[in-house]
Amino acid sequence: MEREEVLAMLEETGAMRKGHFELTSGRHSDTYIQCARIQERPTLNNRLAAGAVELLPQGCEIDLVAAPAVGGIVFGYAVASALDRRFIWSERVGTAMTLRRSFEVRPGERVLVCEDVVTTGGSVQELIGLVEAAGGIVVAVTSLIYRGGERKFSAPYYPLIEMATPSWDPADCALCGQGRPLDSPGSRHLPKEA
């Protein structure tokens, strides 16, 4: 899948937003990529997932696909479907990422971790920790978009596209200094389950 095709899908669906955003990582940015706008169109999401699968190295054996909630679930499911593999996701309980719903990683399972957008990869690293603690082996990570910059995980990484968009520590954010309203559209700020 060509970069231009992915960018056209982002534009067509209104997935790229401009403003003042708090990312899941806690960093601030003037650009937010709302992958849910693509994921509400299953045919597009499935095409992107198939494109991500094509980027995996020849002979990359995968038993299980796992994604962090909420953003990675729809894309991860589509990737698992393209690979015809079992799929699970992690969720936050308080501040800790955990496996719920009787999901398990079996010792020795080769796992592909999927995310929608990676900035620092903090959620990816938390999921990698869960997989490894259960005895699984993370063979690769994929995502729709990598925003660029330093990652918190070292697993082999195959993003569909890289879009270097600026992000700043909140203390260094010029948009905060201008008094621009902050939007926190990511899943980290969803209301807690009752």
# chains A, B, ... in the order shown; residues from 1 in each chain; ligands from 1

call {"tool": "residues_around", "arguments": {"residues": "A:Glu5", "least_positions_apart": "4", "cutoff": "12 Å", "atoms": "only C-alpha atoms", "output": "PDB file with N, CA and C atoms, in the first residue's frame"}}
result
ATOM      1  N   MET A   1       0.855  -1.172   0.000  1.00  0.00           N
ATOM      2  CA  MET A   1       0.000   0.000   0.000  1.00  0.00           C
ATOM      3  C   MET A   1       0.901   1.235   0.000  1.00  0.00           C
ATOM      4  N   MET A   9      -6.760   8.440   2.350  1.00  0.00           N
ATOM      5  CA  MET A   9      -7.809   7.903   3.225  1.00  0.00           C
ATOM      6  C   MET A   9      -7.965   8.765   4.474  1.00  0.00           C
ATOM      7  N   LEU A  10      -6.841   9.209   5.044  1.00  0.00           N
ATOM      8  CA  LEU A  10      -6.901  10.079   6.219  1.00  0.00           C
ATOM      9  C   LEU A  10      -7.633  11.379   5.893  1.00  0.00           C
ATOM     10  N   GLU A  11      -7.310  11.950   4.746  1.00  0.00           N
ATOM     11  CA  GLU A  11      -7.963  13.194   4.324  1.00  0.00           C
ATOM     12  C   GLU A  11      -9.449  12.972   4.045  1.00  0.00           C
ATOM     13  N   GLU A  12      -9.743  11.924   3.283  1.00  0.00           N
ATOM     14  CA  GLU A  12     -11.128  11.630   2.871  1.00  0.00           C
ATOM     15  C   GLU A  12     -12.055  11.428   4.060  1.00  0.00           C
ATOM     16  N   LEU A  44     -12.262   0.342   4.379  1.00  0.00           N
ATOM     17  CA  LEU A  44     -10.987   1.069   4.445  1.00  0.00           C
ATOM     18  C   LEU A  44     -10.091   0.480   5.528  1.00  0.00           C
ATOM     19  N   ARG A  47      -8.562  -2.723   4.377  1.00  0.00           N
ATOM     20  CA  ARG A  47      -7.501  -2.499   3.384  1.00  0.00           C
ATOM     21  C   ARG A  47      -6.213  -2.056   4.070  1.00  0.00           C
ATOM     22  N   LEU A  48      -6.326  -1.181   5.066  1.00  0.00           N
ATOM     23  CA  LEU A  48      -5.151  -0.725   5.800  1.00  0.00           C
ATOM     24  C   LEU A  48      -4.513  -1.876   6.576  1.00  0.00           C
ATOM     25  N   GLY A  51      -2.625  -3.986   4.257  1.00  0.00           N
ATOM     26  CA  GLY A  51      -1.378  -3.305   3.915  1.00  0.00           C
ATOM     27  C   GLY A  51      -0.328  -3.453   4.996  1.00  0.00           C
ATOM     28  N   LEU A 160       2.521   1.197   9.130  1.00  0.00           N
ATOM     29  CA  LEU A 160       2.049   1.356   7.760  1.00  0.00           C
ATOM     30  C   LEU A 160       2.638   2.624   7.147  1.00  0.00           C
ATOM     31  N   ILE A 161       2.559   3.736   7.879  1.00  0.00           N
ATOM     32  CA  ILE A 161       3.241   4.952   7.426  1.00  0.00           C
ATOM     33  C   ILE A 161       3.804   5.700   8.625  1.00  0.00           C
TER      34      ILE A 161
END

call {"tool": "closest_atom_pairs", "arguments": {"of": "stretch 95-142 of chain A", "to": "stretch 67-83 of chain A", "cutoff": "7 Å", "atoms": "only C-alpha atoms", "output": "Markdown table"}}
result
| residue | atom | partner | partner_atom | distance |
| --- | --- | --- | --- | --- |
| A:Val113 | CA | A:Ala67 | CA | 5.6 |
| A:Cys114 | CA | A:Ala67 | CA | 4.9 |
| A:Glu115 | CA | A:Gly72 | CA | 4.2 |
| A:Asp116 | CA | A:Gly72 | CA | 4.9 |
| A:Ser123 | CA | A:Pro68 | CA | 6.5 |
| A:Val124 | CA | A:Pro68 | CA | 6.8 |
| A:Leu127 | CA | A:Pro68 | CA | 6.5 |

call {"tool": "closest_residue", "arguments": {"among": "A:Glu150, A:Glu40, A:Glu22, A:Glu61", "to": "A:Pro185", "atoms": "only C-alpha atoms"}}
result
A:Glu22

call {"tool": "select_by_dssp", "arguments": {"residues": "stretch 10-193 of chain A", "states": "alpha helix (DSSP H)", "output": "PyMOL selection string"}}
result
chain A and resi 10-13+36-39+42-55+71-83+122-133+174-177

call {"tool": "atom_distance", "arguments": {"atom1": "atom CA of A:Val139", "atom2": "atom CA of A:Phe87"}}
result
15.0 Å

call {"tool": "atom_distance", "arguments": {"atom1": "atom CA of A:Glu91", "atom2": "atom CA of A:Val65"}}
result
14.8 Å

call {"tool": "residues_around", "arguments": {"residues": "A:Ile62", "least_positions_apart": "2", "cutoff": "10 Å", "atoms": "only C-alpha atoms", "output": "number ranges by chain"}}
result
A: 59-60, 64-65, 80, 83-86, 109-112, 137-140

call {"tool": "select_by_dssp", "arguments": {"residues": "stretch 42-152 of chain A", "states": "strand (DSSP E or B)", "output": "PyMOL selection string"}}
result
chain A and resi 64-68+86-93+96-99+110-118+137-146

call {"tool": "write_last_selection", "arguments": {"atoms": "C-alpha atoms", "output": "PDB file, in the first residue's frame"}}
result
ATOM      1  CA  LEU A  64      -1.780 -14.360  18.326  1.00  0.00           C
ATOM      2  CA  VAL A  65      -2.559 -10.701  17.640  1.00  0.00           C
ATOM      3  CA  ALA A  66      -2.921  -8.360  20.634  1.00  0.00           C
ATOM      4  CA  ALA A  67      -3.827  -4.681  20.877  1.00  0.00           C
ATOM      5  CA  PRO A  68      -4.172  -2.108  23.642  1.00  0.00           C
ATOM      6  CA  ARG A  86      -6.679 -15.352  17.442  1.00  0.00           C
ATOM      7  CA  PHE A  87      -7.119 -11.798  18.761  1.00  0.00           C
ATOM      8  CA  ILE A  88      -7.105 -10.314  22.281  1.00  0.00           C
ATOM      9  CA  TRP A  89      -6.835  -6.823  23.763  1.00  0.00           C
ATOM     10  CA  SER A  90      -5.650  -5.262  26.985  1.00  0.00           C
ATOM     11  CA  GLU A  91      -7.529  -2.669  29.023  1.00  0.00           C
ATOM     12  CA  ARG A  92      -6.722  -0.244  31.788  1.00  0.00           C
ATOM     13  CA  VAL A  93      -7.876  -0.971  35.295  1.00  0.00           C
ATOM     14  CA  ALA A  96      -2.504  -0.398  35.015  1.00  0.00           C
ATOM     15  CA  MET A  97      -2.794  -2.161  31.665  1.00  0.00           C
ATOM     16  CA  THR A  98      -4.219  -5.650  32.164  1.00  0.00           C
ATOM     17  CA  LEU A  99      -5.741  -8.600  30.331  1.00  0.00           C
ATOM     18  CA  ARG A 110       4.367 -15.675  19.031  1.00  0.00           C
ATOM     19  CA  VAL A 111       2.516 -12.369  19.310  1.00  0.00           C
ATOM     20  CA  LEU A 112       2.024  -9.451  16.938  1.00  0.00           C
ATOM     21  CA  VAL A 113       1.120  -6.266  18.838  1.00  0.00           C
ATOM     22  CA  CYS A 114      -1.107  -3.773  16.939  1.00  0.00           C
ATOM     23  CA  GLU A 115      -1.859  -0.133  17.678  1.00  0.00           C
ATOM     24  CA  ASP A 116      -3.582   2.603  15.708  1.00  0.00           C
ATOM     25  CA  VAL A 117      -1.176   5.520  16.312  1.00  0.00           C
ATOM     26  CA  VAL A 118       2.201   5.366  18.062  1.00  0.00           C
ATOM     27  CA  ILE A 137       7.135 -13.791  22.586  1.00  0.00           C
ATOM     28  CA  VAL A 138       6.530 -10.458  20.853  1.00  0.00           C
ATOM     29  CA  VAL A 139       7.778 -11.036  17.307  1.00  0.00           C
ATOM     30  CA  ALA A 140       6.729  -7.642  15.922  1.00  0.00           C
ATOM     31  CA  VAL A 141       4.688  -4.482  16.410  1.00  0.00           C
ATOM     32  CA  THR A 142       2.598  -2.798  13.723  1.00  0.00           C
ATOM     33  CA  SER A 143       0.483   0.341  13.623  1.00  0.00           C
ATOM     34  CA  LEU A 144      -1.396   2.447  11.149  1.00  0.00           C
ATOM     35  CA  ILE A 145       0.725   5.503  11.912  1.00  0.00           C
ATOM     36  CA  TYR A 146       4.009   6.239  13.627  1.00  0.00           C
TER      37      TYR A 146
END
